[in-house]
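Shown below: data.cif, with mmCIF, C-alpha atoms.
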data_protein
#
loop_
_atom_site.label_atom_id
_atom_site.label_comp_id
_atom_site.auth_asym_id
_atom_site.auth_seq_id
_atom_site.Cartn_x
_atom_site.Cartn_y
_atom_site.Cartn_z
CA MET A 6 111.51 87.61 129.71
CA SER A 7 108.54 85.79 128.20
CA ASP A 8 108.46 83.82 124.99
CA GLY A 9 107.80 86.09 122.02
CA ALA A 10 108.78 89.27 123.86
CA VAL A 11 111.34 90.27 121.26
CA PHE A 12 110.05 92.13 118.20
CA ALA A 13 112.70 93.38 115.81
CA LYS A 14 111.81 97.04 115.28
CA LYS A 15 115.22 97.98 113.98
CA PRO A 16 116.49 99.31 111.70
CA GLU A 17 113.98 102.15 111.63
CA LEU A 18 112.21 101.94 108.27
CA ALA A 19 111.44 105.65 108.55
CA LEU A 20 115.15 106.35 108.01
CA ALA A 21 115.12 104.48 104.70
CA GLN A 22 112.11 106.60 103.72
CA HIS A 23 113.95 109.79 104.76
CA LYS A 24 116.91 108.74 102.62
CA PHE A 25 114.60 108.19 99.65
CA ALA A 26 112.89 111.55 100.16
CA ALA A 27 116.28 113.25 100.43
CA LEU A 28 117.12 111.92 96.96
CA ASN A 29 113.75 112.30 95.24
CA GLY A 30 111.72 115.00 97.00
CA THR A 31 111.30 118.72 96.45
CA ALA A 32 113.87 121.12 97.90
CA GLU A 33 111.79 121.52 101.06
CA GLN A 34 111.23 117.77 101.37
CA ARG A 35 114.95 117.10 100.89
CA SER A 36 115.98 119.56 103.57
CA GLN A 37 113.55 118.14 106.11
CA ALA A 38 114.43 114.54 105.22
CA LEU A 39 118.18 115.12 105.61
CA GLN A 40 117.71 116.59 109.07
CA LEU A 41 115.50 113.69 110.16
CA LEU A 42 118.01 111.27 108.69
CA VAL A 43 120.93 112.70 110.67
CA ASP A 44 118.86 112.81 113.87
CA GLY A 45 117.86 109.17 113.45
CA ILE A 46 121.42 108.06 112.76
CA LYS A 47 122.62 109.77 115.95
CA GLN A 48 119.82 108.30 118.03
CA ASP A 49 120.42 104.72 116.87
CA LYS A 50 124.25 104.95 116.78
CA MET A 51 124.24 103.94 113.11
CA ALA A 52 127.94 104.14 112.33
CA ALA A 53 127.82 101.60 109.48
CA PHE A 54 124.76 103.18 107.87
CA TYR A 55 126.29 106.66 108.19
CA THR A 56 129.44 105.44 106.44
CA GLN A 57 127.30 103.99 103.64
CA LEU A 58 125.40 107.27 103.14
CA VAL A 59 128.64 109.27 103.04
CA GLY A 60 129.99 106.87 100.41
CA GLU A 61 126.80 107.33 98.34
CA GLY A 62 127.03 111.11 98.60
CA VAL A 63 123.78 111.46 100.53
CA LEU A 64 125.50 112.97 103.58
CA LYS A 65 128.70 114.94 104.04
CA SER A 66 131.58 113.33 105.88
CA ASP A 67 132.03 114.29 109.54
CA ALA A 68 134.94 112.50 111.21
CA ALA A 69 133.94 113.61 114.71
CA LEU A 70 130.38 112.34 114.28
CA LEU A 71 131.59 109.02 112.87
CA LYS A 72 133.96 108.49 115.81
CA GLU A 73 131.16 109.30 118.25
CA LEU A 74 128.83 106.79 116.56
CA GLU A 75 131.50 104.06 116.47
CA THR A 76 132.37 104.54 120.14
CA ALA A 77 128.74 104.45 121.25
CA SER A 78 127.84 101.41 119.12
CA ALA A 79 130.95 99.49 120.22
CA ALA A 80 130.14 100.12 123.89
CA GLU A 81 126.56 98.90 123.57
CA LEU A 82 127.59 95.89 121.49
CA ALA A 83 130.09 94.93 124.22
CA THR A 84 127.26 95.05 126.77
CA LEU A 85 125.07 92.83 124.59
CA ASP A 86 127.92 90.35 124.12
CA LYS A 87 128.28 90.20 127.90
CA ASN A 88 124.54 89.58 128.26
CA VAL A 89 124.75 86.70 125.78
CA GLU A 90 127.57 85.08 127.77
CA GLU A 91 125.72 85.54 131.05
CA ALA A 92 122.60 83.96 129.57
CA LYS A 93 124.64 80.92 128.52
CA GLU A 94 126.01 80.51 132.05
CA GLU A 95 123.00 81.41 134.20
CA HIS A 96 119.78 80.99 132.20
CA GLY A 97 117.89 78.51 130.07
CA ASP A 98 117.49 78.12 126.32
CA LEU A 99 114.68 80.68 126.04
CA GLU A 100 116.69 83.48 127.65
CA GLN A 101 119.80 82.54 125.68
CA ASN A 102 117.90 82.78 122.42
CA GLU A 103 116.31 86.10 123.29
CA SER A 104 119.60 87.68 124.36
CA SER A 105 121.08 86.56 121.04
CA ILE A 106 118.10 88.02 119.17
CA HIS A 107 118.59 91.33 121.01
CA ARG A 108 122.19 91.36 119.82
CA ALA A 109 121.11 90.67 116.20
CA VAL A 110 118.54 93.46 116.46
CA PHE A 111 121.25 95.88 117.55
CA LEU A 112 123.47 94.89 114.64
CA ALA A 113 120.51 95.63 112.35
CA GLN A 114 119.96 98.92 114.17
CA ILE A 115 123.48 100.26 113.57
CA GLY A 116 123.48 99.26 109.90
CA GLU A 117 125.58 96.08 109.96
CA GLU A 118 123.36 94.34 107.41
CA GLU A 119 125.40 91.18 106.73
CA LYS A 120 126.36 90.65 110.37
CA ALA A 121 122.73 91.07 111.43
CA HIS A 122 121.53 88.52 108.86
CA ALA A 123 124.19 86.04 110.03
CA ALA A 124 123.29 86.57 113.68
CA TYR A 125 119.58 86.12 113.00
CA GLU A 126 120.18 82.99 110.94
CA GLU A 127 122.39 81.42 113.64
CA VAL A 128 119.61 81.70 116.23
CA LEU A 129 116.98 80.59 113.72
CA GLN A 130 118.81 77.31 113.12
CA ARG A 131 119.10 76.42 116.83
CA PRO A 132 116.96 73.42 117.79
CA THR A 133 115.92 75.25 120.98
CA THR A 134 114.40 78.25 119.17
CA THR A 135 110.63 78.41 119.67
CA LEU A 136 108.08 79.05 116.93
CA ASN A 137 107.38 82.61 118.10
CA GLN A 138 111.10 83.35 118.33
CA LYS A 139 111.54 82.05 114.78
CA LEU A 140 108.76 84.36 113.63
CA ASP A 141 110.39 87.31 115.39
CA ILE A 142 113.67 86.51 113.65
CA VAL A 143 112.00 86.25 110.24
CA PHE A 144 110.29 89.60 110.86
CA GLY A 145 113.71 91.04 111.73
CA LYS A 146 115.16 89.72 108.46
CA LEU A 147 112.12 91.10 106.64
CA ARG A 148 112.82 94.55 108.08
CA LEU A 149 116.39 94.33 106.83
CA GLY A 150 115.12 93.40 103.39
CA LEU A 151 112.66 96.30 103.40
CA PHE A 152 115.22 98.76 104.78
CA TYR A 153 117.81 98.02 102.09
CA TYR A 154 115.08 97.04 99.60
CA LYS A 155 116.26 93.58 98.56
CA PRO A 156 113.27 92.11 96.64
CA GLN A 157 114.50 88.52 96.54
CA ALA A 158 115.25 88.52 100.27
CA ILE A 159 111.85 90.07 101.04
CA GLN A 160 109.98 87.45 99.00
CA LYS A 161 111.98 84.64 100.60
CA GLU A 162 111.26 85.83 104.15
CA ILE A 163 107.56 86.39 103.42
CA GLU A 164 107.28 82.79 102.24
CA ARG A 165 109.19 81.63 105.30
CA ALA A 166 106.92 83.70 107.57
CA HIS A 167 103.82 82.12 106.00
CA GLU A 168 105.18 78.65 106.68
CA LEU A 169 105.77 79.51 110.34
CA VAL A 170 102.45 81.32 110.79
CA ASP A 171 100.61 78.31 109.38
CA LYS A 172 102.21 76.18 112.08
CA GLY A 173 100.61 78.24 114.84
CA GLY A 174 101.55 81.92 114.75
CA ASP A 175 99.44 84.15 117.00
CA TRP A 176 96.98 86.79 115.81
CA ASP A 177 99.37 89.70 116.31
CA ARG A 178 102.08 88.20 114.14
CA ARG A 179 99.57 87.19 111.47
CA ASN A 180 98.30 90.75 111.31
CA ARG A 181 101.84 92.16 111.09
CA LEU A 182 102.56 89.85 108.19
CA LYS A 183 99.45 91.03 106.32
CA ALA A 184 100.50 94.67 106.72
CA ILE A 185 103.99 93.90 105.41
CA GLU A 186 102.57 91.97 102.46
CA CYS A 187 100.25 94.86 101.63
CA LEU A 188 103.24 97.19 101.23
CA TRP A 189 105.19 94.54 99.36
CA HIS A 190 102.37 94.10 96.83
CA CYS A 191 102.18 97.89 96.43
CA SER A 192 105.88 97.98 95.61
CA GLN A 193 105.37 95.23 93.00
CA ARG A 194 102.38 97.00 91.38
CA GLN A 195 100.09 94.19 92.52
CA PHE A 196 97.38 96.60 93.58
CA LYS A 197 94.55 94.07 93.59
CA GLU A 198 96.33 91.89 96.16
CA ALA A 199 97.46 94.97 98.13
CA SER A 200 93.94 96.41 98.29
CA ALA A 201 92.48 93.12 99.56
CA LEU A 202 95.06 92.90 102.35
CA PHE A 203 94.58 96.58 103.18
CA ILE A 204 90.84 96.20 103.68
CA GLU A 205 91.40 93.00 105.64
CA CYS A 206 93.82 94.44 108.21
CA LEU A 207 92.73 98.10 108.23
CA SER A 208 90.62 97.85 111.39
CA THR A 209 93.26 95.84 113.23
CA TYR A 210 96.43 97.62 112.07
CA ALA A 211 98.95 97.54 114.91
CA SER A 212 102.34 97.93 113.25
CA PRO A 213 103.55 101.50 113.91
CA GLU A 214 107.12 100.18 113.60
CA LEU A 215 106.34 99.45 109.93
CA MET A 216 104.95 102.94 109.26
CA PRO A 217 102.48 105.33 110.93
CA MET A 218 98.79 104.59 110.46
CA SER A 219 98.33 107.62 108.19
CA GLU A 220 101.06 106.42 105.81
CA PHE A 221 99.66 102.89 105.76
CA VAL A 222 96.21 104.28 104.94
CA CYS A 223 97.76 106.44 102.22
CA HIS A 224 99.42 103.47 100.49
CA GLY A 225 96.40 101.21 100.90
CA ALA A 226 93.91 103.83 99.73
CA LEU A 227 95.96 104.56 96.61
CA ALA A 228 96.09 100.84 95.81
CA CYS A 229 92.31 100.62 96.21
CA ALA A 230 91.81 103.67 93.98
CA VAL A 231 93.27 101.81 91.00
CA VAL A 232 91.40 98.52 91.23
CA MET A 233 88.22 98.82 93.32
CA SER A 234 84.78 99.81 92.06
CA ARG A 235 83.42 103.29 92.74
CA SER A 236 80.86 102.01 95.24
CA ASP A 237 83.41 99.88 97.10
CA ILE A 238 85.85 102.79 97.37
CA LYS A 239 83.10 104.88 98.94
CA LYS A 240 81.99 102.18 101.35
CA LYS A 241 85.29 100.51 102.27
CA VAL A 242 87.77 103.38 101.99
CA ILE A 243 86.31 106.89 102.00
CA ASP A 244 83.75 106.19 104.74
CA ALA A 245 85.87 103.72 106.74
CA PRO A 246 86.26 105.06 110.32
CA GLU A 247 89.98 104.25 110.35
CA VAL A 248 90.47 106.28 107.16
CA VAL A 249 88.32 109.19 108.33
CA GLU A 250 90.41 109.35 111.49
CA VAL A 251 93.67 110.06 109.65
CA VAL A 252 92.56 112.02 106.54
CA GLY A 253 93.86 115.22 108.13
CA ALA A 254 97.39 113.88 107.59
CA ILE A 255 96.73 112.93 103.94
CA PRO A 256 94.29 115.61 102.69
CA ASN A 257 95.19 115.30 99.01
CA VAL A 258 94.49 111.55 98.96
CA ASP A 259 91.10 112.16 100.57
CA LYS A 260 90.35 115.00 98.14
CA MET A 261 91.31 112.86 95.16
CA LEU A 262 89.03 109.99 96.18
CA ARG A 263 86.08 112.18 97.18
CA SER A 264 86.24 114.46 94.14
CA LEU A 265 86.31 111.46 91.79
CA TYR A 266 83.36 109.88 93.58
CA ASP A 267 81.44 113.19 93.52
CA CYS A 268 82.26 113.72 89.80
CA ARG A 269 84.17 116.96 90.52
CA TYR A 270 86.71 116.25 87.83
CA ALA A 271 88.64 119.55 87.88
CA ASP A 272 89.24 119.13 91.63
CA PHE A 273 90.15 115.51 90.96
CA PHE A 274 92.91 116.50 88.52
CA VAL A 275 94.33 119.06 90.97
CA ALA A 276 94.33 116.54 93.81
CA LEU A 277 95.87 113.85 91.59
CA ALA A 278 98.80 116.16 90.76
CA ALA A 279 99.27 116.91 94.47
CA VAL A 280 99.19 113.19 95.33
CA GLU A 281 101.95 112.56 92.79
CA THR A 282 104.16 115.29 94.28
CA ASP A 283 103.46 114.72 97.97
CA HIS A 284 103.16 110.94 98.09
CA LEU A 285 103.97 108.96 94.95
CA LYS A 286 107.25 110.67 94.13
CA VAL A 287 108.69 110.31 97.65
CA SER A 288 107.31 106.85 98.50
CA ARG A 289 109.87 104.06 98.42
CA TYR A 290 107.10 101.63 97.52
CA LEU A 291 105.14 103.64 94.93
CA ASN A 292 107.69 105.90 93.25
CA ALA A 293 108.45 103.43 90.45
CA HIS A 294 104.74 103.23 89.62
CA ARG A 295 103.77 106.91 89.77
CA GLN A 296 103.35 107.27 86.00
CA PHE A 297 101.28 104.09 85.85
CA PHE A 298 99.13 105.28 88.76
CA THR A 299 98.44 108.75 87.38
CA ARG A 300 97.67 107.31 83.93
CA GLU A 301 95.24 104.75 85.33
CA MET A 302 93.50 107.35 87.47
CA ARG A 303 93.12 109.74 84.52
CA ILE A 304 91.63 106.93 82.45
CA ARG A 305 89.29 106.16 85.32
CA GLY A 306 88.14 109.77 85.45
CA TYR A 307 87.57 109.97 81.70
CA ALA A 308 85.68 106.65 81.63
CA GLN A 309 83.47 107.69 84.53
CA LEU A 310 82.46 110.91 82.79
CA LEU A 311 81.87 109.20 79.42
CA GLU A 312 79.62 106.57 81.02
CA SER A 313 77.05 109.27 81.76
CA TYR A 314 76.62 110.43 78.14
CA LEU A 315 75.98 109.07 74.68
CA SER A 316 78.02 111.99 73.35
CA LEU A 317 79.47 115.27 74.57
CA THR A 318 81.61 118.03 73.12
CA ILE A 319 85.35 118.09 73.56
CA LYS A 320 84.99 121.60 75.00
CA SER A 321 82.58 120.51 77.73
CA MET A 322 84.86 117.62 78.63
CA ALA A 323 87.88 119.93 78.77
CA ASP A 324 85.94 122.35 80.96
CA ALA A 325 84.90 119.53 83.29
CA PHE A 326 88.53 118.53 83.89
CA GLY A 327 89.87 122.08 83.92
CA VAL A 328 92.25 121.55 81.01
CA THR A 329 92.55 122.68 77.38
CA GLN A 330 90.75 121.07 74.45
CA ASP A 331 94.08 120.13 72.87
CA PHE A 332 95.07 118.26 76.04
CA ILE A 333 91.81 116.30 76.12
CA ASP A 334 92.05 115.54 72.40
CA LYS A 335 95.58 114.12 72.76
CA GLU A 336 94.69 112.15 75.91
CA LEU A 337 91.56 110.60 74.42
CA SER A 338 93.26 109.80 71.12
CA ARG A 339 96.01 107.91 72.90
CA TYR A 340 93.73 105.92 75.20
CA VAL A 341 91.15 105.15 72.48
CA ALA A 342 93.91 103.82 70.21
CA ALA A 343 95.16 101.65 73.08
CA GLY A 344 91.66 100.26 73.64
CA ARG A 345 91.40 101.77 77.14
CA LEU A 346 88.44 104.06 76.38
CA HIS A 347 85.35 103.06 74.39
CA CYS A 348 84.49 106.13 72.36
CA VAL A 349 84.98 107.76 68.97
CA ILE A 350 86.33 111.27 68.48
CA ASP A 351 84.63 113.40 65.82
CA LYS A 352 87.34 116.00 65.25
CA VAL A 353 85.28 117.91 62.68
CA GLY A 354 82.21 118.16 64.87
CA GLY A 355 84.24 118.59 68.04
CA ILE A 356 82.37 115.85 69.88
CA VAL A 357 83.12 112.55 71.58
CA VAL A 358 80.67 109.72 70.91
CA THR A 359 80.69 106.86 73.41
CA ASN A 360 80.95 103.38 71.99
CA ARG A 361 80.19 101.06 74.87
CA PRO A 362 81.23 97.43 74.41
CA ASP A 363 78.34 95.01 73.80
CA THR A 364 78.82 92.80 76.85
CA LYS A 365 75.89 90.50 76.04
CA ASN A 366 77.21 89.84 72.55
CA ALA A 367 80.69 89.23 73.96
CA GLN A 368 79.27 86.73 76.46
CA TYR A 369 77.37 84.99 73.65
CA GLN A 370 80.50 84.72 71.49
CA GLY A 371 82.45 83.43 74.47
CA MET A 372 79.83 80.76 75.10
CA ILE A 373 79.95 79.66 71.46
CA LYS A 374 83.75 79.30 71.63
CA GLN A 375 83.55 77.31 74.85
CA GLY A 376 80.86 75.10 73.32
CA ASP A 377 83.03 74.39 70.26
CA LEU A 378 85.96 73.55 72.51
CA LEU A 379 83.83 71.16 74.55
CA LEU A 380 82.52 69.40 71.42
CA ASN A 381 86.08 68.95 70.10
CA ARG A 382 87.16 67.38 73.38
CA ILE A 383 84.13 65.04 73.39
CA GLN A 384 84.95 63.94 69.83
CA LYS A 385 88.55 63.22 70.79
CA LEU A 386 87.42 61.29 73.86
CA SER A 387 84.92 59.22 71.87
CA GLY A 388 87.65 58.38 69.35
CA ILE A 389 89.92 57.11 72.12
CA ILE A 390 87.11 55.04 73.68
CA SER A 391 86.14 53.44 70.34
CA MET A 392 89.75 52.36 69.79
#
Can you present the structure in this file as structure tokens?
Amino acid sequence: MSDGAVFAKKPELALAQHKFAALNGTAEQRSQALQLLVDGIKQDKMAAFYTQLVGEGVLKSDAALLKELETASAAELATLDKNVEEAKEEHGDLEQNESSIHRAVFLAQIGEEEKAHAAYEEVLQRPTTTLNQKLDIVFGKLRLGLFYYKPQAIQKEIERAHELVDKGGDWDRRNRLKAIECLWHCSQRQFKEASALFIECLSTYASPELMPMSEFVCHGALACAVVMSRSDIKKKVIDAPEVVEVVGAIPNVDKMLRSLYDCRYADFFVALAAVETDHLKVSRYLNAHRQFFTREMRIRGYAQLLESYLSLTIKSMADAFGVTQDFIDKELSRYVAAGRLHCVIDKVGGIVVTNRPDTKNAQYQGMIKQGDLLLNRIQKLSGIISM
């Protein structure tokens, strides 16, 4: 077994996603997610995870299934323990470390979170553990953090992974780390950082154990939709070959981006609602930000339309978005009051007058303030020198 051959791909992050969908999805999504969840638990002999889900009320108790899982996991764990002992007696440090990592991976696989962390950490602290093995262990601990969604643990292991990668991690591990960080930033509503990492590793994405390519594109494209310019979204996302290749699996995301770019605002609103139902609501990483995302995208749509006119009627704007005039009036009133849209609503005349910010004047005022600040500092410095 060669150095770096062990990649911790357990526990299956898809199962954590299925659990989330089973709790937050539509009736159809819940039914499908529960079936996939049970199938995955059986396949990976996840006795501990099954017990946890029964305790949380996600799954119904089945004594026969639990006994079957416990028997199967105990048998395989006994085999791995034997392999560890044989490695100690017959092989060198590299093989001993990798057999121990395999055992830790299996503990993670069956849902023994604390035991898996302890097993990983024990190997990590060995003086014989190589740099690549340490990175594999940190990735394994990262998967545990993502699976059970422990933010502090995730942040700690990301920082640890960066330290190890900077010491000489290979290209593959560097790319895996970028993909993980992209999702992590999405979950923290740091869409600017997430979009940059997404564009950076899109063409070299090779982490199907993290999530399928289509799901990664979905999360990355949604992050880009919030923060990137219209032209960049077209060039770097919509027309990117890697995105075009998987749009069939995420049609509503593609429709939302294209309709906004093409100024088809009614289609944009329909697609945005579908994105919220099909993706945002059931995503472990984006669910908490779905209201923020839909609000920001609506503001983006309104601002894009208003940029093209000096004024337009509330009726024409409502027709463009396929909604009622009352809805548009309430939306604009709220966002204008919050300073998010630069326009004035003439309720009597039934029109919206754009009020674009004077950027040149703002730059001039900013320069004056900076100049005053510089003069004050020079005066203070001259006073100190004269003393």
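Here atom CA of A:Val287 is placed at a distance of 5.9 Å from atom CA of A:Asn29.
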Item to check | Nearest to A:Tyr266 by atom-to-atom distance, counting all atoms listed in the file, from A:Val232, A:Val249, A:Ala26, A:Leu310 | outcome: A:Leu310
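Minimum atom-to-atom distances from A:Lys239, A:His122, A:Arg305, A:His224 to A:Leu285 were compared using all atoms listed in the file, and the lowest value belongs to A:His224.
Going from atom CA of A:Asp141 to atom CA of A:Leu41 covers 27.4 Å.
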Item to check | Output of the PyMOL selection byres ((chain A and resi 144) around 10), listed as a ChimeraX atom specification | outcome: /A:12-14,138-143,145-150,159,162-163,165-166,178,181-182,185
